[in-house]
>>> print(open('query32.pdb').read())   # PDB, C-alpha atoms and all ligand atoms
ATOM      1  CA  MET A   1      98.494-138.025 -89.317
ATOM      2  CA  LYS A   2      95.153-139.734 -89.831
ATOM      3  CA  LEU A   3      96.759-142.154 -92.236
ATOM      4  CA  PHE A   4      99.520-142.951 -89.806
ATOM      5  CA  PHE A   5      96.975-143.705 -87.105
ATOM      6  CA  ALA A   6      94.979-145.971 -89.393
ATOM      7  CA  LEU A   7      98.139-147.756 -90.430
ATOM      8  CA  THR A   8      99.175-148.286 -86.837
ATOM      9  CA  LEU A   9      95.782-149.747 -86.027
ATOM     10  CA  LEU A  10      95.989-152.022 -89.029
ATOM     11  CA  LEU A  11      99.431-153.243 -88.105
ATOM     12  CA  PHE A  12      98.562-153.732 -84.483
ATOM     13  CA  GLY A  13      95.332-155.505 -85.355
ATOM     14  CA  SER A  14      96.984-157.963 -87.699
ATOM     15  CA  LEU A  15      99.785-158.626 -85.259
ATOM     16  CA  THR A  16      97.508-159.508 -82.394
ATOM     17  CA  SER A  17      95.184-161.690 -84.445
ATOM     18  CA  ALA A  18      98.114-163.511 -86.027
ATOM     19  CA  SER A  19      99.659-164.380 -82.702
ATOM     20  CA  GLU A  20      96.290-165.181 -81.100
ATOM     21  CA  GLY A  21      97.784-164.777 -77.661
ATOM     22  CA  ILE A  22      95.363-165.058 -74.796
ATOM     23  CA  MET A  23      92.256-167.211 -74.694
ATOM     24  CA  ILE A  24      89.939-167.660 -71.735
ATOM     25  CA  SER A  25      88.412-171.031 -71.052
ATOM     26  CA  GLU A  26      84.876-169.756 -70.539
ATOM     27  CA  GLU A  27      83.552-172.994 -69.055
ATOM     28  CA  SER A  28      86.205-172.744 -66.353
ATOM     29  CA  ALA A  29      85.070-169.311 -65.196
ATOM     30  CA  TRP A  30      82.998-168.844 -62.069
ATOM     31  CA  ALA A  31      82.412-166.329 -59.320
ATOM     32  CA  ARG A  32      81.768-167.599 -55.829
ATOM     33  CA  ALA A  33      78.239-167.095 -54.498
ATOM     34  CA  THR A  34      78.170-165.132 -51.252
ATOM     35  CA  PRO A  35      76.265-165.512 -48.013
ATOM     36  CA  PRO A  36      74.074-162.535 -46.997
ATOM     37  CA  GLY A  37      76.108-159.604 -45.745
ATOM     38  CA  SER A  38      79.397-160.738 -47.230
ATOM     39  CA  LYS A  39      81.342-157.917 -48.893
ATOM     40  CA  THR A  40      83.941-159.994 -50.724
ATOM     41  CA  THR A  41      84.074-162.735 -53.304
ATOM     42  CA  ALA A  42      86.526-164.231 -55.761
ATOM     43  CA  ILE A  43      86.468-165.006 -59.466
ATOM     44  CA  TYR A  44      88.238-168.029 -60.890
ATOM     45  CA  LEU A  45      89.069-169.014 -64.464
ATOM     46  CA  THR A  46      91.692-170.605 -66.659
ATOM     47  CA  VAL A  47      93.697-168.409 -69.029
ATOM     48  CA  MET A  48      95.520-169.986 -71.971
ATOM     49  CA  ASN A  49      98.453-168.442 -73.778
ATOM     50  CA  HIS A  50      98.774-169.562 -77.384
ATOM     51  CA  SER A  51     101.715-167.308 -78.118
ATOM     52  CA  GLY A  52     105.411-167.982 -77.846
ATOM     53  CA  ALA A  53     106.004-165.410 -75.126
ATOM     54  CA  ASP A  54     104.883-165.110 -71.542
ATOM     55  CA  ILE A  55     101.873-162.809 -71.135
ATOM     56  CA  SER A  56     100.751-161.345 -67.842
ATOM     57  CA  LEU A  57      97.289-160.579 -66.586
ATOM     58  CA  THR A  58      97.711-157.074 -65.199
ATOM     59  CA  ALA A  59      94.209-155.895 -64.320
ATOM     60  CA  ALA A  60      90.645-157.053 -63.861
ATOM     61  CA  THR A  61      87.392-155.143 -63.516
ATOM     62  CA  ALA A  62      83.912-156.387 -62.707
ATOM     63  CA  ASN A  63      80.489-154.754 -62.852
ATOM     64  CA  ILE A  64      79.708-155.699 -59.250
ATOM     65  CA  SER A  65      82.330-153.530 -57.557
ATOM     66  CA  GLU A  66      84.752-150.664 -58.005
ATOM     67  CA  ARG A  67      87.452-152.537 -56.154
ATOM     68  CA  VAL A  68      88.875-155.600 -57.872
ATOM     69  CA  GLU A  69      92.370-156.918 -57.235
ATOM     70  CA  LEU A  70      94.606-159.723 -58.421
ATOM     71  CA  HIS A  71      95.454-162.023 -55.549
ATOM     72  CA  THR A  72      97.451-165.114 -54.798
ATOM     73  CA  HIS A  73      97.803-167.317 -51.742
ATOM     74  CA  ILE A  74     101.088-167.654 -49.942
ATOM     75  CA  ASN A  75     102.037-170.172 -47.309
ATOM     76  CA  ASN A  76     102.988-168.191 -44.252
ATOM     77  CA  ASP A  77     104.319-170.593 -41.591
ATOM     78  CA  GLY A  78     101.725-173.176 -42.511
ATOM     79  CA  MET A  79      98.922-170.626 -42.752
ATOM     80  CA  MET A  80      97.518-169.907 -46.200
ATOM     81  CA  LYS A  81      97.228-166.179 -46.598
ATOM     82  CA  MET A  82      95.915-164.052 -49.438
ATOM     83  CA  GLN A  83      98.173-161.435 -50.909
ATOM     84  CA  GLN A  84      97.677-158.867 -53.651
ATOM     85  CA  VAL A  85      99.917-159.214 -56.712
ATOM     86  CA  VAL A  86     100.555-156.760 -59.550
ATOM     87  CA  SER A  87     100.205-159.416 -62.227
ATOM     88  CA  ILE A  88      99.645-163.105 -62.890
ATOM     89  CA  VAL A  89     101.912-164.670 -65.496
ATOM     90  CA  VAL A  90     100.473-166.918 -68.174
ATOM     91  CA  PRO A  91     103.488-168.859 -69.473
ATOM     92  CA  ALA A  92     104.199-169.093 -73.207
ATOM     93  CA  GLY A  93     102.234-171.982 -74.686
ATOM     94  CA  GLY A  94     100.787-172.746 -71.275
ATOM     95  CA  GLN A  95      98.046-171.633 -68.961
ATOM     96  CA  ALA A  96      97.326-170.003 -65.649
ATOM     97  CA  GLN A  97      94.642-171.583 -63.506
ATOM     98  CA  LEU A  98      92.947-169.175 -61.146
ATOM     99  CA  LYS A  99      91.324-171.377 -58.543
ATOM    100  CA  PRO A 100      90.511-171.640 -54.849
ATOM    101  CA  HIS A 101      93.610-171.592 -52.654
ATOM    102  CA  GLY A 102      95.671-170.280 -55.565
ATOM    103  CA  ASP A 103      95.660-167.202 -57.756
ATOM    104  CA  HIS A 104      92.296-165.472 -57.986
ATOM    105  CA  ILE A 105      90.525-162.258 -58.857
ATOM    106  CA  MET A 106      89.402-160.684 -55.604
ATOM    107  CA  VAL A 107      86.314-158.512 -55.378
ATOM    108  CA  PHE A 108      85.747-156.156 -52.442
ATOM    109  CA  ASN A 109      82.932-153.851 -51.355
ATOM    110  CA  LEU A 110      80.098-155.935 -52.735
ATOM    111  CA  GLN A 111      76.810-154.046 -52.600
ATOM    112  CA  ASP A 112      74.550-157.027 -53.182
ATOM    113  CA  GLN A 113      74.591-160.691 -52.375
ATOM    114  CA  LEU A 114      75.834-162.824 -55.287
ATOM    115  CA  LYS A 115      73.438-165.652 -55.987
ATOM    116  CA  GLN A 116      73.878-168.854 -57.938
ATOM    117  CA  GLY A 117      72.909-168.387 -61.583
ATOM    118  CA  GLU A 118      73.636-164.669 -61.759
ATOM    119  CA  LEU A 119      76.216-163.340 -64.212
ATOM    120  CA  VAL A 120      79.146-161.036 -63.544
ATOM    121  CA  SER A 121      80.656-158.979 -66.380
ATOM    122  CA  VAL A 122      84.409-159.185 -66.165
ATOM    123  CA  GLU A 123      87.094-157.459 -68.205
ATOM    124  CA  LEU A 124      90.662-158.693 -68.124
ATOM    125  CA  THR A 125      93.662-156.687 -69.335
ATOM    126  CA  PHE A 126      96.931-158.283 -70.396
ATOM    127  CA  ASP A 127     100.384-156.792 -70.881
ATOM    128  CA  ASN A 128     100.404-157.682 -74.599
ATOM    129  CA  GLY A 129      97.613-155.150 -75.089
ATOM    130  CA  GLN A 130      94.822-157.685 -75.223
ATOM    131  CA  THR A 131      91.608-157.223 -73.292
ATOM    132  CA  GLN A 132      89.020-159.956 -72.803
ATOM    133  CA  ASN A 133      85.413-159.502 -71.782
ATOM    134  CA  LEU A 134      83.396-162.350 -70.447
ATOM    135  CA  GLN A 135      80.246-163.175 -68.538
ATOM    136  CA  VAL A 136      81.106-165.189 -65.459
ATOM    137  CA  PRO A 137      78.379-167.312 -63.850
ATOM    138  CA  VAL A 138      77.927-167.205 -60.086
ATOM    139  CA  ARG A 139      78.244-170.643 -58.540
ATOM    140  CA  LYS A 140      78.535-172.198 -55.115
ATOM    141  CA  GLU A 141      81.146-174.702 -56.260
ATOM    142  CA  PRO A 142      83.636-175.062 -59.118
ATOM    143  CA  PRO A 143      82.048-175.937 -62.482
ATOM    144  CA  SER A 144      83.936-179.206 -62.910
ATOM    145  CA  ALA A 145      83.540-182.094 -60.481
ATOM    146  CA  ASN A 146      86.983-183.264 -61.574
ATOM    147  CA  ASN A 147      88.642-180.351 -59.871
ATOM    148  CA  THR A 148      90.499-181.073 -56.705
ATOM    149  CA  MET A 149      87.543-180.154 -54.560
ATOM    150  CA  ASP A 150      87.554-179.673 -50.877
ATOM    151  CA  HIS A 151      84.123-178.087 -50.537
ATOM    152  CA  ASP A 152      85.545-175.159 -48.668
ATOM    153  CA  GLY A 153      82.809-172.711 -49.436
ATOM    154  CA  THR A 154      83.821-170.261 -46.780
ATOM    155  CA  GLU A 155      87.285-169.483 -48.085
ATOM    156  CA  HIS A 156      86.834-165.770 -48.395
ATOM    157  CA  SER A 157      84.006-164.950 -46.059
ATOM    158  CA  GLY A 158      86.125-165.048 -42.932
ATOM    159  CA  MET A 159      89.254-163.518 -44.427
ATOM    160  CA  LYS A 160      90.700-160.314 -43.138
ATOM    161  CA  HIS A 161      92.337-157.802 -45.421
TER
HETATM  162 CU    CU A 201      91.781-162.770 -52.218
END
>>> encode(input="query32.pdb", output="structure tokens", more="lines below")
Ligand SMILES: [Cu+2]
Amino acid sequence: MKLFFALTLLLFGSLTSASEGIMISEESAWARATPPGSKTTAIYLTVMNHSGADISLTAATANISERVELHTHINNDGMMKMQQVVSIVVPAGGQAQLKPHGDHIMVFNLQDQLKQGELVSVELTFDNGQTQNLQVPVRKEPPSANNTMDHDGTEHSGMKH
């Protein structure tokens, strides 16, 4: 029984490392700084899939709240609205960009204000069995000036859920 378990681990380990699968672009990751009193924020990052099969992000946790959800935006009669989703697909050989006005990791019930320069510990779980841990810096704006920026820093603060 012990041997079988060890063997399974070995097999699984070699399989996942051989296929590489998911990689997070760490420089793309950021959590939005919050104004005082705000209970929600969002985390954005780019996920790359180096495997030949679609992989889905199925869960996210963060050390700043018990309640973290995967969200997207939908266009509802010209109004952009946030909506919870069960997973976010990262296409085979492609990437998923979590960014403002698109898919994002939503954080509720914030206890403390998030300030620029702080770090959030995030764990992502994927349906291929991979988990990824990363430290996400808190920022007021996206890390790259090349992003399609609209300087909408209030995206989540006025949202109703
Ligand atoms: Cu949201």
>>> closest_residue(input="query32.pdb", among="A:Ala96, A:Ile64, A:Val86, A:Met106", to="ligand CU 201 (chain A)", atoms="all atoms listed in the file")
A:Met106
>>> atom_distance(input="query32.pdb", atom1="CA of Leu114 (chain A)", atom2="CA of Pro142 (chain A)")
15.0 Å
>>> residues_near_ligand(input="query32.pdb", ligand="ligand CU 201 (chain A)", cutoff="8 Å", atoms="only C-alpha atoms and all ligand atoms", output="ChimeraX atom specification")
/A:41-42,69-73,82-84,104-107,156
>>> resolve_selection(input="query32.pdb", expression="the PyMOL selection byres (((chain A and resi 109) around 7) and not hetatm)", output="compact mmCIF listing (two decimals) with C-alpha atoms, keeping the file's coordinate frame")
# COMPACT_ATOMS: atom_id res chain seq x y z
CA LYS A 39 81.34 -157.92 -48.89
CA THR A 40 83.94 -159.99 -50.72
CA SER A 65 82.33 -153.53 -57.56
CA ARG A 67 87.45 -152.54 -56.15
CA PHE A 108 85.75 -156.16 -52.44
CA LEU A 110 80.10 -155.94 -52.74
CA GLN A 111 76.81 -154.05 -52.60
>>> atom_distance(input="query32.pdb", atom1="CA of Thr125 (chain A)", atom2="CA of Ile24 (chain A)")
11.8 Å
>>> atom_distance(input="query32.pdb", atom1="CA of Lys140 (chain A)", atom2="CA of Thr61 (chain A)")
21.0 Å
>>> residues_around(input="query32.pdb", residues="Asn128 (chain A)", least_positions_apart="6", cutoff="10 Å", atoms="all atoms listed in the file", output="ChimeraX atom specification")
/A:16,21-22,53-58
>>> resolve_selection(input="query32.pdb", expression="the PyMOL selection byres (((chain A and resi 118-124) around 10) and not hetatm)", output="ChimeraX atom specification")
/A:24,30-31,33,43,57-64,105,114-117,125-126,130-139
>>> write_last_selection(input="query32.pdb", atoms="C-alpha atoms", output="PDB file, keeping the file's coordinate frame")
ATOM      1  CA  ILE A  24      89.939-167.660 -71.735  1.00  0.00           C
ATOM      2  CA  TRP A  30      82.998-168.844 -62.069  1.00  0.00           C
ATOM      3  CA  ALA A  31      82.412-166.329 -59.320  1.00  0.00           C
ATOM      4  CA  ALA A  33      78.239-167.095 -54.498  1.00  0.00           C
ATOM      5  CA  ILE A  43      86.468-165.006 -59.466  1.00  0.00           C
ATOM      6  CA  LEU A  57      97.289-160.579 -66.586  1.00  0.00           C
ATOM      7  CA  THR A  58      97.711-157.074 -65.199  1.00  0.00           C
ATOM      8  CA  ALA A  59      94.209-155.895 -64.320  1.00  0.00           C
ATOM      9  CA  ALA A  60      90.645-157.053 -63.861  1.00  0.00           C
ATOM     10  CA  THR A  61      87.392-155.143 -63.516  1.00  0.00           C
ATOM     11  CA  ALA A  62      83.912-156.387 -62.707  1.00  0.00           C
ATOM     12  CA  ASN A  63      80.489-154.754 -62.852  1.00  0.00           C
ATOM     13  CA  ILE A  64      79.708-155.699 -59.250  1.00  0.00           C
ATOM     14  CA  ILE A 105      90.525-162.258 -58.857  1.00  0.00           C
ATOM     15  CA  LEU A 114      75.834-162.824 -55.287  1.00  0.00           C
ATOM     16  CA  LYS A 115      73.438-165.652 -55.987  1.00  0.00           C
ATOM     17  CA  GLN A 116      73.878-168.854 -57.938  1.00  0.00           C
ATOM     18  CA  GLY A 117      72.909-168.387 -61.583  1.00  0.00           C
ATOM     19  CA  THR A 125      93.662-156.687 -69.335  1.00  0.00           C
ATOM     20  CA  PHE A 126      96.931-158.283 -70.396  1.00  0.00           C
ATOM     21  CA  GLN A 130      94.822-157.685 -75.223  1.00  0.00           C
ATOM     22  CA  THR A 131      91.608-157.223 -73.292  1.00  0.00           C
ATOM     23  CA  GLN A 132      89.020-159.956 -72.803  1.00  0.00           C
ATOM     24  CA  ASN A 133      85.413-159.502 -71.782  1.00  0.00           C
ATOM     25  CA  LEU A 134      83.396-162.350 -70.447  1.00  0.00           C
ATOM     26  CA  GLN A 135      80.246-163.175 -68.538  1.00  0.00           C
ATOM     27  CA  VAL A 136      81.106-165.189 -65.459  1.00  0.00           C
ATOM     28  CA  PRO A 137      78.379-167.312 -63.850  1.00  0.00           C
ATOM     29  CA  VAL A 138      77.927-167.205 -60.086  1.00  0.00           C
ATOM     30  CA  ARG A 139      78.244-170.643 -58.540  1.00  0.00           C
TER      31      ARG A 139
END
>>> build_atoms(input="query32.pdb", residues="region 111-128 of chain A", atoms="N, CA and C atoms", output="PDB file, in the frame of the given file")
ATOM      1  N   GLN A 111      78.031-154.704 -53.046  1.00  0.00           N
ATOM      2  CA  GLN A 111      76.810-154.046 -52.600  1.00  0.00           C
ATOM      3  C   GLN A 111      75.693-155.050 -52.374  1.00  0.00           C
ATOM      4  N   ASP A 112      75.646-156.061 -53.236  1.00  0.00           N
ATOM      5  CA  ASP A 112      74.550-157.027 -53.182  1.00  0.00           C
ATOM      6  C   ASP A 112      75.092-158.441 -53.031  1.00  0.00           C
ATOM      7  N   GLN A 113      74.256-159.282 -52.471  1.00  0.00           N
ATOM      8  CA  GLN A 113      74.591-160.691 -52.375  1.00  0.00           C
ATOM      9  C   GLN A 113      74.710-161.280 -53.783  1.00  0.00           C
ATOM     10  N   LEU A 114      75.685-162.128 -54.005  1.00  0.00           N
ATOM     11  CA  LEU A 114      75.834-162.824 -55.287  1.00  0.00           C
ATOM     12  C   LEU A 114      75.164-164.183 -55.187  1.00  0.00           C
ATOM     13  N   LYS A 115      74.198-164.410 -56.081  1.00  0.00           N
ATOM     14  CA  LYS A 115      73.438-165.652 -55.987  1.00  0.00           C
ATOM     15  C   LYS A 115      73.709-166.549 -57.187  1.00  0.00           C
ATOM     16  N   GLN A 116      73.699-167.837 -56.914  1.00  0.00           N
ATOM     17  CA  GLN A 116      73.878-168.854 -57.938  1.00  0.00           C
ATOM     18  C   GLN A 116      73.035-168.535 -59.162  1.00  0.00           C
ATOM     19  N   GLY A 117      73.646-168.606 -60.345  1.00  0.00           N
ATOM     20  CA  GLY A 117      72.909-168.387 -61.583  1.00  0.00           C
ATOM     21  C   GLY A 117      73.012-166.973 -62.114  1.00  0.00           C
ATOM     22  N   GLU A 118      73.429-166.032 -61.280  1.00  0.00           N
ATOM     23  CA  GLU A 118      73.636-164.669 -61.759  1.00  0.00           C
ATOM     24  C   GLU A 118      74.897-164.610 -62.609  1.00  0.00           C
ATOM     25  N   LEU A 119      75.040-163.507 -63.361  1.00  0.00           N
ATOM     26  CA  LEU A 119      76.216-163.340 -64.212  1.00  0.00           C
ATOM     27  C   LEU A 119      76.973-162.086 -63.806  1.00  0.00           C
ATOM     28  N   VAL A 120      78.285-162.178 -63.816  1.00  0.00           N
ATOM     29  CA  VAL A 120      79.146-161.036 -63.544  1.00  0.00           C
ATOM     30  C   VAL A 120      79.903-160.697 -64.827  1.00  0.00           C
ATOM     31  N   SER A 121      79.875-159.419 -65.215  1.00  0.00           N
ATOM     32  CA  SER A 121      80.656-158.979 -66.380  1.00  0.00           C
ATOM     33  C   SER A 121      82.068-158.663 -65.943  1.00  0.00           C
ATOM     34  N   VAL A 122      83.010-159.341 -66.549  1.00  0.00           N
ATOM     35  CA  VAL A 122      84.409-159.185 -66.165  1.00  0.00           C
ATOM     36  C   VAL A 122      85.226-158.755 -67.373  1.00  0.00           C
ATOM     37  N   GLU A 123      86.139-157.824 -67.155  1.00  0.00           N
ATOM     38  CA  GLU A 123      87.094-157.459 -68.205  1.00  0.00           C
ATOM     39  C   GLU A 123      88.506-157.688 -67.693  1.00  0.00           C
ATOM     40  N   LEU A 124      89.280-158.389 -68.475  1.00  0.00           N
ATOM     41  CA  LEU A 124      90.662-158.693 -68.124  1.00  0.00           C
ATOM     42  C   LEU A 124      91.601-157.964 -69.067  1.00  0.00           C
ATOM     43  N   THR A 125      92.669-157.394 -68.525  1.00  0.00           N
ATOM     44  CA  THR A 125      93.662-156.687 -69.335  1.00  0.00           C
ATOM     45  C   THR A 125      95.006-157.405 -69.220  1.00  0.00           C
ATOM     46  N   PHE A 126      95.654-157.576 -70.362  1.00  0.00           N
ATOM     47  CA  PHE A 126      96.931-158.283 -70.396  1.00  0.00           C
ATOM     48  C   PHE A 126      98.033-157.362 -70.910  1.00  0.00           C
ATOM     49  N   ASP A 127      99.274-157.694 -70.551  1.00  0.00           N
ATOM     50  CA  ASP A 127     100.384-156.792 -70.881  1.00  0.00           C
ATOM     51  C   ASP A 127     100.810-156.874 -72.348  1.00  0.00           C
ATOM     52  N   ASN A 128     100.156-157.699 -73.151  1.00  0.00           N
ATOM     53  CA  ASN A 128     100.404-157.682 -74.599  1.00  0.00           C
ATOM     54  C   ASN A 128      99.403-156.778 -75.308  1.00  0.00           C
TER      55      ASN A 128
END
